[in-house]
>>> print(open('final_10.pdb').read())   # PDB, C-alpha atoms and all ligand atoms
ATOM      1  CA  MET A 174     118.561  10.453 -49.810
ATOM      2  CA  GLU A 175     117.856  11.134 -46.177
ATOM      3  CA  LYS A 176     114.783  13.195 -45.450
ATOM      4  CA  GLU A 177     116.518  14.961 -42.536
ATOM      5  CA  LYS A 178     119.429  16.029 -44.766
ATOM      6  CA  ILE A 179     117.043  17.449 -47.393
ATOM      7  CA  LYS A 180     115.043  19.262 -44.723
ATOM      8  CA  ASP A 181     118.242  20.670 -43.250
ATOM      9  CA  PHE A 182     119.305  21.971 -46.677
ATOM     10  CA  TRP A 183     115.992  23.761 -47.273
ATOM     11  CA  ASP A 184     115.808  25.079 -43.705
ATOM     12  CA  LYS A 185     119.191  26.768 -44.250
ATOM     13  CA  CYS A 186     118.318  28.215 -47.670
ATOM     14  CA  PRO A 187     116.835  31.513 -46.461
ATOM     15  CA  CYS A 188     120.302  32.452 -45.099
ATOM     16  CA  ILE A 189     122.006  31.750 -48.450
ATOM     17  CA  CYS A 190     119.398  33.764 -50.332
ATOM     18  CA  ASN A 191     118.981  36.751 -47.988
ATOM     19  CA  GLU A 192     115.421  35.654 -47.185
ATOM     20  CA  ASN A 193     114.309  36.406 -50.769
ATOM     21  CA  PRO A 194     111.323  34.030 -51.207
ATOM     22  CA  LEU A 195     111.800  33.743 -54.966
ATOM     23  CA  LEU A 196     115.537  33.042 -54.855
ATOM     24  CA  ILE A 197     115.137  30.465 -52.088
ATOM     25  CA  THR A 198     113.063  27.910 -53.940
ATOM     26  CA  THR A 199     114.399  28.452 -57.444
ATOM     27  CA  LEU A 200     118.000  28.295 -56.163
ATOM     28  CA  SER A 201     118.906  30.674 -59.004
ATOM     29  CA  PHE A 202     120.855  33.140 -56.955
ATOM     30  CA  GLU A 203     124.093  33.144 -58.960
ATOM     31  CA  ILE A 204     122.860  34.867 -62.116
ATOM     32  CA  PRO A 205     121.077  38.208 -61.570
ATOM     33  CA  TYR A 206     117.408  38.291 -62.631
ATOM     34  CA  HIS A 207     117.368  34.564 -63.568
ATOM     35  CA  ALA A 208     114.951  33.692 -60.739
ATOM     36  CA  VAL A 209     112.477  36.371 -61.845
ATOM     37  CA  TYR A 210     112.710  35.151 -65.442
ATOM     38  CA  ARG A 211     112.190  31.504 -64.425
ATOM     39  CA  ASP A 212     109.230  32.381 -62.253
ATOM     40  CA  LYS A 213     107.591  34.531 -64.957
ATOM     41  CA  THR A 214     108.215  31.955 -67.687
ATOM     42  CA  GLU A 215     106.888  28.971 -65.739
ATOM     43  CA  LYS A 216     103.753  30.828 -64.627
ATOM     44  CA  ASN A 217     103.109  32.131 -68.115
ATOM     45  CA  ILE A 218     103.223  28.566 -69.497
ATOM     46  CA  LEU A 219     101.148  26.909 -66.786
ATOM     47  CA  PHE A 220      98.409  29.525 -66.590
ATOM     48  CA  LYS A 221      97.955  29.233 -70.354
ATOM     49  CA  ILE A 222      97.506  25.452 -70.064
ATOM     50  CA  ILE A 223      95.216  25.311 -67.021
ATOM     51  CA  LYS A 224      92.354  27.642 -66.251
ATOM     52  CA  LEU A 225      91.759  28.189 -62.545
ATOM     53  CA  ASN A 226      88.479  29.460 -61.066
ATOM     54  CA  PRO A 227      87.045  30.414 -57.648
ATOM     55  CA  ASP A 228      85.285  27.032 -57.211
ATOM     56  CA  LEU A 229      88.472  24.985 -57.196
ATOM     57  CA  ILE A 230      90.296  23.451 -54.237
ATOM     58  CA  LEU A 231      93.994  22.938 -54.878
ATOM     59  CA  ALA A 232      96.834  21.268 -52.955
ATOM     60  CA  ASP A 233     100.373  22.610 -53.374
ATOM     61  CA  ILE A 234     102.684  19.905 -52.022
ATOM     62  CA  GLY A 235     106.276  20.961 -51.353
ATOM     63  CA  CYS A 236     105.108  24.567 -51.523
ATOM     64  CA  GLY A 237     108.357  26.067 -50.169
ATOM     65  CA  THR A 238     107.935  29.816 -49.670
ATOM     66  CA  GLY A 239     104.615  29.748 -51.534
ATOM     67  CA  ARG A 240     105.950  30.840 -54.925
ATOM     68  CA  TRP A 241     102.963  29.109 -56.564
ATOM     69  CA  THR A 242     100.668  28.913 -53.533
ATOM     70  CA  LEU A 243      99.999  32.650 -53.463
ATOM     71  CA  ASP A 244      99.127  32.808 -57.165
ATOM     72  CA  PHE A 245      96.847  29.777 -56.797
ATOM     73  CA  ALA A 246      95.167  31.297 -53.724
ATOM     74  CA  GLY A 247      94.369  34.449 -55.688
ATOM     75  CA  LYS A 248      92.567  32.393 -58.327
ATOM     76  CA  CYS A 249      90.990  29.462 -56.362
ATOM     77  CA  LYS A 250      88.558  28.888 -53.493
ATOM     78  CA  LYS A 251      91.128  27.273 -51.206
ATOM     79  CA  VAL A 252      94.749  26.093 -51.261
ATOM     80  CA  ILE A 253      96.206  23.461 -48.937
ATOM     81  CA  ALA A 254      99.942  24.107 -48.894
ATOM     82  CA  SER A 255     102.446  21.754 -47.289
ATOM     83  CA  ASP A 256     106.218  21.483 -47.067
ATOM     84  CA  ILE A 257     108.803  19.615 -45.040
ATOM     85  CA  SER A 258     110.449  22.901 -43.988
ATOM     86  CA  GLU A 259     108.640  24.949 -41.345
ATOM     87  CA  THR A 260     111.150  27.765 -42.001
ATOM     88  CA  LEU A 261     110.016  28.097 -45.623
ATOM     89  CA  ILE A 262     106.330  27.770 -44.700
ATOM     90  CA  GLU A 263     106.753  30.653 -42.252
ATOM     91  CA  ILE A 264     108.086  32.865 -45.076
ATOM     92  CA  GLY A 265     105.096  31.842 -47.230
ATOM     93  CA  ARG A 266     102.670  32.588 -44.397
ATOM     94  CA  THR A 267     104.140  36.072 -43.941
ATOM     95  CA  GLU A 268     103.930  36.777 -47.695
ATOM     96  CA  ALA A 269     100.297  35.583 -47.738
ATOM     97  CA  LEU A 270      99.452  37.909 -44.833
ATOM     98  CA  LYS A 271     101.045  40.828 -46.673
ATOM     99  CA  LYS A 272      98.826  40.029 -49.655
ATOM    100  CA  LYS A 273      95.769  39.528 -47.407
ATOM    101  CA  LEU A 274      95.230  35.985 -48.711
ATOM    102  CA  THR A 275      93.195  34.117 -46.111
ATOM    103  CA  ASN A 276      92.206  30.998 -48.058
ATOM    104  CA  ILE A 277      95.460  29.057 -47.513
ATOM    105  CA  GLU A 278      95.823  26.186 -45.050
ATOM    106  CA  TRP A 279      99.546  25.719 -44.301
ATOM    107  CA  LYS A 280     100.990  22.534 -42.857
ATOM    108  CA  GLN A 281     104.395  21.103 -42.196
ATOM    109  CA  GLU A 282     104.650  17.506 -43.366
ATOM    110  CA  SER A 283     106.671  15.303 -45.680
ATOM    111  CA  ILE A 284     105.348  14.527 -49.126
ATOM    112  CA  SER A 285     105.908  10.813 -48.348
ATOM    113  CA  ASP A 286     103.027  10.867 -45.911
ATOM    114  CA  PHE A 287     101.042  13.906 -46.998
ATOM    115  CA  THR A 288      97.490  14.234 -45.709
ATOM    116  CA  LEU A 289      94.431  15.806 -47.300
ATOM    117  CA  ASN A 290      91.152  15.796 -45.376
ATOM    118  CA  GLU A 291      89.040  16.579 -48.401
ATOM    119  CA  PRO A 292      89.110  15.689 -52.106
ATOM    120  CA  VAL A 293      90.864  18.296 -54.221
ATOM    121  CA  ASP A 294      90.482  19.348 -57.868
ATOM    122  CA  ILE A 295      94.174  19.907 -58.556
ATOM    123  CA  ILE A 296      97.421  18.776 -56.945
ATOM    124  CA  HIS A 297     100.542  20.767 -57.803
ATOM    125  CA  ILE A 298     103.992  19.403 -56.983
ATOM    126  CA  GLY A 299     106.794  21.680 -58.159
ATOM    127  CA  GLY A 300     110.394  20.498 -57.909
ATOM    128  CA  VAL A 301     109.936  18.009 -55.059
ATOM    129  CA  LEU A 302     109.958  14.494 -56.534
ATOM    130  CA  LEU A 303     113.694  14.740 -57.162
ATOM    131  CA  TYR A 304     114.076  14.343 -53.396
ATOM    132  CA  VAL A 305     112.242  11.018 -53.140
ATOM    133  CA  HIS A 306     113.190   7.454 -54.098
ATOM    134  CA  ASP A 307     111.192   5.437 -56.632
ATOM    135  CA  SER A 308     109.380   3.432 -53.929
ATOM    136  CA  ASP A 309     108.153   6.659 -52.301
ATOM    137  CA  PHE A 310     107.466   8.216 -55.700
ATOM    138  CA  ILE A 311     104.970   5.538 -56.718
ATOM    139  CA  ASN A 312     103.193   5.705 -53.331
ATOM    140  CA  ILE A 313     102.907   9.474 -53.607
ATOM    141  CA  ILE A 314     101.465   9.220 -57.126
ATOM    142  CA  ARG A 315      98.963   6.573 -56.019
ATOM    143  CA  ARG A 316      97.855   8.741 -53.092
ATOM    144  CA  CYS A 317      97.526  11.792 -55.349
ATOM    145  CA  ASN A 318      95.211   9.719 -57.528
ATOM    146  CA  GLU A 319      93.131   8.742 -54.466
ATOM    147  CA  LYS A 320      92.850  12.324 -53.182
ATOM    148  CA  LEU A 321      91.821  13.894 -56.492
ATOM    149  CA  VAL A 322      88.183  14.251 -57.545
ATOM    150  CA  ASN A 323      87.185  12.350 -60.685
ATOM    151  CA  GLY A 324      88.875  13.979 -63.651
ATOM    152  CA  GLY A 325      91.193  15.922 -61.306
ATOM    153  CA  LEU A 326      94.615  17.141 -62.406
ATOM    154  CA  LEU A 327      98.094  16.415 -61.129
ATOM    155  CA  ILE A 328     100.554  19.096 -62.217
ATOM    156  CA  LEU A 329     104.245  18.407 -61.865
ATOM    157  CA  ARG A 330     107.193  20.682 -62.573
ATOM    158  CA  GLU A 331     110.283  18.565 -62.380
ATOM    159  CA  SER A 332     113.992  18.568 -63.114
ATOM    160  CA  ILE A 333     114.672  15.913 -65.741
ATOM    161  CA  SER A 334     117.980  14.324 -66.646
ATOM    162  CA  LEU A 335     118.831  14.513 -70.355
ATOM    163  CA  THR A 336     120.991  11.421 -70.085
ATOM    164  CA  LYS A 337     120.843   8.595 -67.555
ATOM    165  CA  GLU A 338     119.573   8.681 -63.954
ATOM    166  CA  ILE A 339     121.748  11.045 -61.929
ATOM    167  CA  MET A 340     122.237  10.845 -58.202
ATOM    168  CA  VAL A 341     123.710  13.945 -56.593
ATOM    169  CA  GLU A 342     125.084  13.389 -53.097
ATOM    170  CA  ASP A 343     126.228  16.184 -50.816
ATOM    171  CA  LEU A 344     126.968  18.670 -53.589
ATOM    172  CA  SER A 345     128.117  21.954 -52.059
ATOM    173  CA  VAL A 346     125.628  24.740 -52.848
ATOM    174  CA  ALA A 347     126.874  27.957 -51.250
ATOM    175  CA  GLY A 348     128.406  25.901 -48.445
ATOM    176  CA  ASN A 349     125.209  23.922 -47.891
ATOM    177  CA  LYS A 350     125.028  20.181 -48.763
ATOM    178  CA  TYR A 351     122.580  19.313 -51.530
ATOM    179  CA  SER A 352     121.319  15.853 -52.592
ATOM    180  CA  ALA A 353     118.866  15.035 -55.373
ATOM    181  CA  TYR A 354     117.886  12.334 -57.848
ATOM    182  CA  TYR A 355     117.279  13.310 -61.471
ATOM    183  CA  ARG A 356     115.283  10.847 -63.590
ATOM    184  CA  PRO A 357     115.213  10.747 -67.384
ATOM    185  CA  ILE A 358     111.855  11.658 -68.895
ATOM    186  CA  ASP A 359     110.968   8.052 -69.862
ATOM    187  CA  ARG A 360     111.440   6.869 -66.299
ATOM    188  CA  PHE A 361     109.206   9.686 -65.121
ATOM    189  CA  ILE A 362     106.465   8.892 -67.593
ATOM    190  CA  ASN A 363     106.674   5.203 -66.723
ATOM    191  CA  LEU A 364     106.106   5.903 -63.045
ATOM    192  CA  LEU A 365     103.215   8.289 -63.717
ATOM    193  CA  GLU A 366     101.300   6.249 -66.272
ATOM    194  CA  LYS A 367     100.112   3.665 -63.789
ATOM    195  CA  TYR A 368      97.664   6.131 -62.217
ATOM    196  CA  PHE A 369      97.430   9.044 -64.653
ATOM    197  CA  ILE A 370      96.863   9.896 -68.278
ATOM    198  CA  ILE A 371      99.642  12.275 -69.256
ATOM    199  CA  GLU A 372      97.876  15.007 -71.234
ATOM    200  CA  LYS A 373     100.837  17.270 -71.868
ATOM    201  CA  THR A 374     104.557  17.489 -71.240
ATOM    202  CA  CYS A 375     106.567  20.567 -72.114
ATOM    203  CA  GLU A 376     109.939  22.026 -71.394
ATOM    204  CA  THR A 377     109.719  25.275 -69.444
ATOM    205  CA  HIS A 378     112.177  27.274 -71.552
ATOM    206  CA  SER A 379     114.351  27.166 -74.636
ATOM    207  CA  TYR A 380     117.973  28.331 -74.910
ATOM    208  CA  VAL A 381     118.423  31.162 -72.399
ATOM    209  CA  PHE A 382     120.973  33.497 -73.997
ATOM    210  CA  PRO A 383     121.718  35.683 -70.927
ATOM    211  CA  VAL A 384     123.148  32.627 -69.110
ATOM    212  CA  PRO A 385     126.222  31.977 -71.341
ATOM    213  CA  PHE A 386     126.670  35.757 -71.653
ATOM    214  CA  PHE A 387     126.925  36.129 -67.863
ATOM    215  CA  LEU A 388     128.978  32.982 -67.318
ATOM    216  CA  TYR A 389     131.485  33.252 -70.175
ATOM    217  CA  VAL A 390     131.564  36.882 -71.365
ATOM    218  CA  VAL A 391     131.182  39.090 -68.292
ATOM    219  CA  PRO A 392     134.560  39.326 -66.504
ATOM    220  CA  LYS A 393     134.602  38.210 -62.872
ATOM    221  CA  PHE A 394     135.260  41.696 -61.463
ATOM    222  CA  LEU A 395     132.127  43.065 -63.176
ATOM    223  CA  LYS A 396     129.698  40.283 -62.266
ATOM    224  CA  ASN A 397     128.397  42.081 -59.162
ATOM    225  CA  SER A 398     128.305  45.566 -60.667
ATOM    226  CA  LYS A 399     125.082  47.579 -60.856
ATOM    227  CA  PHE A 400     125.577  48.075 -64.580
ATOM    228  CA  ILE A 401     125.740  44.322 -65.301
ATOM    229  CA  LYS A 402     122.701  43.707 -63.085
ATOM    230  CA  SER A 403     120.653  46.240 -65.070
ATOM    231  CA  PHE A 404     122.008  44.899 -68.342
ATOM    232  CA  MET A 405     121.082  41.322 -67.356
ATOM    233  CA  LYS A 406     117.564  42.526 -66.571
ATOM    234  CA  LEU A 407     117.345  44.053 -70.037
ATOM    235  CA  LEU A 408     118.702  40.890 -71.704
ATOM    236  CA  TYR A 409     116.168  38.746 -69.845
ATOM    237  CA  GLU A 410     113.367  41.103 -70.921
ATOM    238  CA  ILE A 411     114.436  40.598 -74.540
ATOM    239  CA  GLN A 412     114.649  36.838 -74.000
ATOM    240  CA  TRP A 413     111.171  36.889 -72.404
ATOM    241  CA  ARG A 414     109.651  38.672 -75.403
ATOM    242  CA  MET A 415     111.389  36.357 -77.878
ATOM    243  CA  ASP A 416     110.593  33.118 -76.011
ATOM    244  CA  PRO A 417     107.298  32.322 -77.789
ATOM    245  CA  TYR A 418     109.274  32.265 -81.052
ATOM    246  CA  LEU A 419     112.450  30.697 -79.642
ATOM    247  CA  LEU A 420     110.498  27.779 -78.171
ATOM    248  CA  ARG A 421     109.339  26.882 -81.690
ATOM    249  CA  ILE A 422     112.878  26.649 -83.033
ATOM    250  CA  LYS A 423     113.837  23.003 -82.479
ATOM    251  CA  PHE A 424     117.485  23.727 -83.243
ATOM    252  CA  LEU A 425     117.724  25.983 -80.153
ATOM    253  CA  THR A 426     116.348  23.287 -77.858
ATOM    254  CA  HIS A 427     118.839  20.908 -79.453
ATOM    255  CA  LEU A 428     121.624  23.457 -78.851
ATOM    256  CA  LYS A 429     120.552  23.863 -75.242
ATOM    257  CA  HIS A 430     120.504  20.101 -74.704
ATOM    258  CA  SER A 431     123.870  19.517 -76.328
ATOM    259  CA  ARG A 432     125.395  22.310 -74.222
ATOM    260  CA  LEU A 433     123.825  20.820 -71.075
ATOM    261  CA  LYS A 434     125.026  17.325 -71.955
ATOM    262  CA  LYS A 435     128.602  18.576 -71.759
ATOM    263  CA  THR A 436     128.061  19.641 -68.147
ATOM    264  CA  LYS A 437     128.278  17.476 -65.025
ATOM    265  CA  TYR A 438     124.546  17.711 -64.351
ATOM    266  CA  PRO A 439     122.623  17.719 -67.665
ATOM    267  CA  VAL A 440     119.264  18.631 -66.212
ATOM    268  CA  THR A 441     116.325  20.590 -67.635
ATOM    269  CA  GLN A 442     112.854  21.569 -66.392
ATOM    270  CA  TYR A 443     109.591  20.017 -67.523
ATOM    271  CA  PHE A 444     105.904  20.370 -66.812
ATOM    272  CA  PHE A 445     103.729  17.257 -66.730
ATOM    273  CA  ILE A 446      99.970  17.764 -66.857
ATOM    274  CA  CYS A 447      98.308  14.519 -65.796
ATOM    275  CA  ARG A 448      94.624  13.588 -65.572
ATOM    276  CA  LYS A 449      93.350  11.108 -62.952
ATOM    277  CA  LYS A 450      92.606   7.721 -64.589
TER     278      LYS A 450
HETATM  279  C1  LIG A 501     112.871  23.433 -55.459
HETATM  280  S1  LIG A 501     111.885  23.832 -54.054
HETATM  281  C2  LIG A 501     110.317  24.089 -54.829
HETATM  282  C3  LIG A 501     109.331  24.858 -53.993
HETATM  283  C4  LIG A 501     108.050  25.250 -54.723
HETATM  284  N1  LIG A 501     107.266  24.105 -55.072
HETATM  285  C5  LIG A 501     108.391  26.057 -55.959
HETATM  286  O1  LIG A 501     108.226  25.571 -57.081
HETATM  287  O2  LIG A 501     108.823  27.202 -55.780
HETATM  288  C6  LIG A 501     111.702  22.240 -53.304
HETATM  289  C7  LIG A 501     110.809  22.228 -52.078
HETATM  290  O3  LIG A 501     110.555  20.873 -51.724
HETATM  291  C8  LIG A 501     110.538  20.778 -50.333
HETATM  292  N2  LIG A 501     110.775  19.365 -49.975
HETATM  293  C9  LIG A 501     111.890  18.618 -50.162
HETATM  294  N3  LIG A 501     111.702  17.364 -49.732
HETATM  295  C10 LIG A 501     110.426  17.310 -49.270
HETATM  296  C11 LIG A 501     109.639  16.284 -48.684
HETATM  297  N4  LIG A 501     110.121  15.048 -48.477
HETATM  298  N5  LIG A 501     108.367  16.580 -48.341
HETATM  299  C12 LIG A 501     107.854  17.829 -48.530
HETATM  300  N6  LIG A 501     108.555  18.846 -49.056
HETATM  301  C13 LIG A 501     109.825  18.592 -49.427
HETATM  302  C14 LIG A 501     111.630  21.719 -49.884
HETATM  303  O4  LIG A 501     111.506  22.073 -48.530
HETATM  304  C15 LIG A 501     111.416  22.875 -50.855
HETATM  305  O5  LIG A 501     110.515  23.798 -50.344
END
>>> encode(input="final_10.pdb", output="structure tokens", more="lines below")
Ligand SMILES: C[S@@+](CC[C@H](N)C(=O)[O-])C[C@H]1O[C@@H](n2cnc3c(N)ncnc32)[C@H](O)[C@@H]1O
Amino acid sequence: MEKEKIKDFWDKCPCICNENPLLITTLSFEIPYHAVYRDKTEKNILFKIIKLNPDLILADIGCGTGRWTLDFAGKCKKVIASDISETLIEIGRTEALKKKLTNIEWKQESISDFTLNEPVDIIHIGGVLLYVHDSDFINIIRRCNEKLVNGGLLILRESISLTKEIMVEDLSVAGNKYSAYYRPIDRFINLLEKYFIIEKTCETHSYVFPVPFFLYVVPKFLKNSKFIKSFMKLLYEIQWRMDPYLLRIKFLTHLKHSRLKKTKYPVTQYFFICRKK
């Protein structure tokens, strides 16, 4: 995977997603309301697992448009946010200004050679390691370990392959070329365990019923209608309320996985909460 190609993809994303900061980095622009649901669900899970406070310094590496950065900044002393795409950082900076958040240091740099001038309590990397090779991956993890204070946390949100390793090369996403590398969970854990104790792993959501409804039930000519958009919002609200129960039903996760395994890219989302060794 070439760094320049990946950067080019993310630099062009704001055009595909009408500059919507949430749609840009979740790339969930095809199904109405899915990006909002994903964002709400992931934040709900993470902020239940970790408790932030105004003494903490946090680094958000691969911050994109600041989807997480802004929430972190509202709860911590300082956030150092970096990304390879200056275009996305600029969107994040503007959003932070709108929210009057002044405790964010933004910088454009690649995760492969990220810099931190001070030790941090938490490093968050959300959906970025799928763009780096194993050799880079292990260096990044080692450097995260070095930059964290004793007992510090590394939080990862990653796309995990449910089968073997999957390499995506130049997949067309709304006319833009996308490349990524999806690792199975065991491979991920193997790479992490050298420098971290993995305290918790969890899948971000269970079976999401509005997705098959939109894809297979709604006829093509209605997909963009106002009515379907409102209805999707309602369905996602129901899903959101049911999720705490749905996540406990193992059969649904199994159903989700077996459905995904029939697709070309059987990929799901996981959190990894890792403590510095
Ligand atoms: C899926 S988005 C996730 C953004 C954000 N962390 C979130 O969860 O909303 C992936 C981000 O990784 C960034 N990225 C990709 N390769 C990178 C690299 N080598 N170094 C730093 N950032 C990178 C992209 O520019 C993009 O902002």
>>> closest_residue(input="final_10.pdb", among="A:Trp413, A:Tyr380, A:Phe445, A:Tyr206", to="Leu329 of chain A", atoms="all atoms listed in the file")
A:Phe445
>>> atom_distance(input="final_10.pdb", atom1="atom CA of Asp256 of chain A", atom2="atom CA of Lys337 of chain A")
28.3 Å
>>> resolve_selection(input="final_10.pdb", expression="the PyMOL selection byres (((chain A and resi 441) around 12) and not hetatm)", output="count of residues only")
33
>>> residues_near_ligand(input="final_10.pdb", ligand="ligand LIG 501 (chain A)", cutoff="9 Å", atoms="all atoms listed in the file", output="NGL selection string")
:A and (175-177 or 179-184 or 194-200 or 212 or 233-242 or 255-262 or 281-287 or 297-305 or 330-331)
>>> closest_residue(input="final_10.pdb", among="A:Ile204, A:Leu219, A:Ile313, A:Ile189", to="Tyr389 of chain A", atoms="only C-alpha atoms")
A:Ile204
>>> axis_aligned_box(input="final_10.pdb", around="segment 384-394 of chain A", padding_each_side="6 Å", output="JSON")
{"center_x": 129.2, "center_y": 36.8, "center_z": -66.6, "size_x": 24.1, "size_y": 21.7, "size_z": 22.2}
>>> closest_residue(input="final_10.pdb", among="A:Leu289, A:Ile218, A:Ile253, A:Leu408", to="Leu420 of chain A", atoms="only C-alpha atoms")
A:Ile218
>>> closest_residue(input="final_10.pdb", among="A:Leu225, A:Ile422, A:Ala347, A:Leu364", to="Pro187 of chain A", atoms="all atoms listed in the file")
A:Ala347
>>> atom_distance(input="final_10.pdb", atom1="atom CA of Leu425 of chain A", atom2="atom CA of Asn363 of chain A")
27.1 Å
>>> atom_distance(input="final_10.pdb", atom1="atom CA of Lys435 of chain A", atom2="atom CA of Leu344 of chain A")
18.2 Å
>>> residues_around(input="final_10.pdb", residues="Phe387 of chain A", least_positions_apart="3", cutoff="8 Å", atoms="only C-alpha atoms", output="VMD selection string")
chain A and resid 204 383 to 384 390 to 391 396 405
>>> resolve_selection(input="final_10.pdb", expression="the PyMOL selection byres (((chain A and resi 293) around 7) and not hetatm)", output="PyMOL selection string")
chain A and resi 230-232+291-292+294-295+320-322
>>> closest_residue(input="final_10.pdb", among="A:Tyr409, A:Glu192, A:Arg316, A:Asn349", to="Thr267 of chain A", atoms="only C-alpha atoms")
A:Glu192
>>> closest_residue(input="final_10.pdb", among="A:Phe369, A:Phe386, A:Phe310, A:Phe202", to="Gly325 of chain A", atoms="all atoms listed in the file")
A:Phe369
>>> residues_around(input="final_10.pdb", residues="Met174 of chain A", least_positions_apart="4", cutoff="10 Å", atoms="all atoms listed in the file", output="number ranges by chain")
A: 178-179, 303-306, 340-343, 351-354
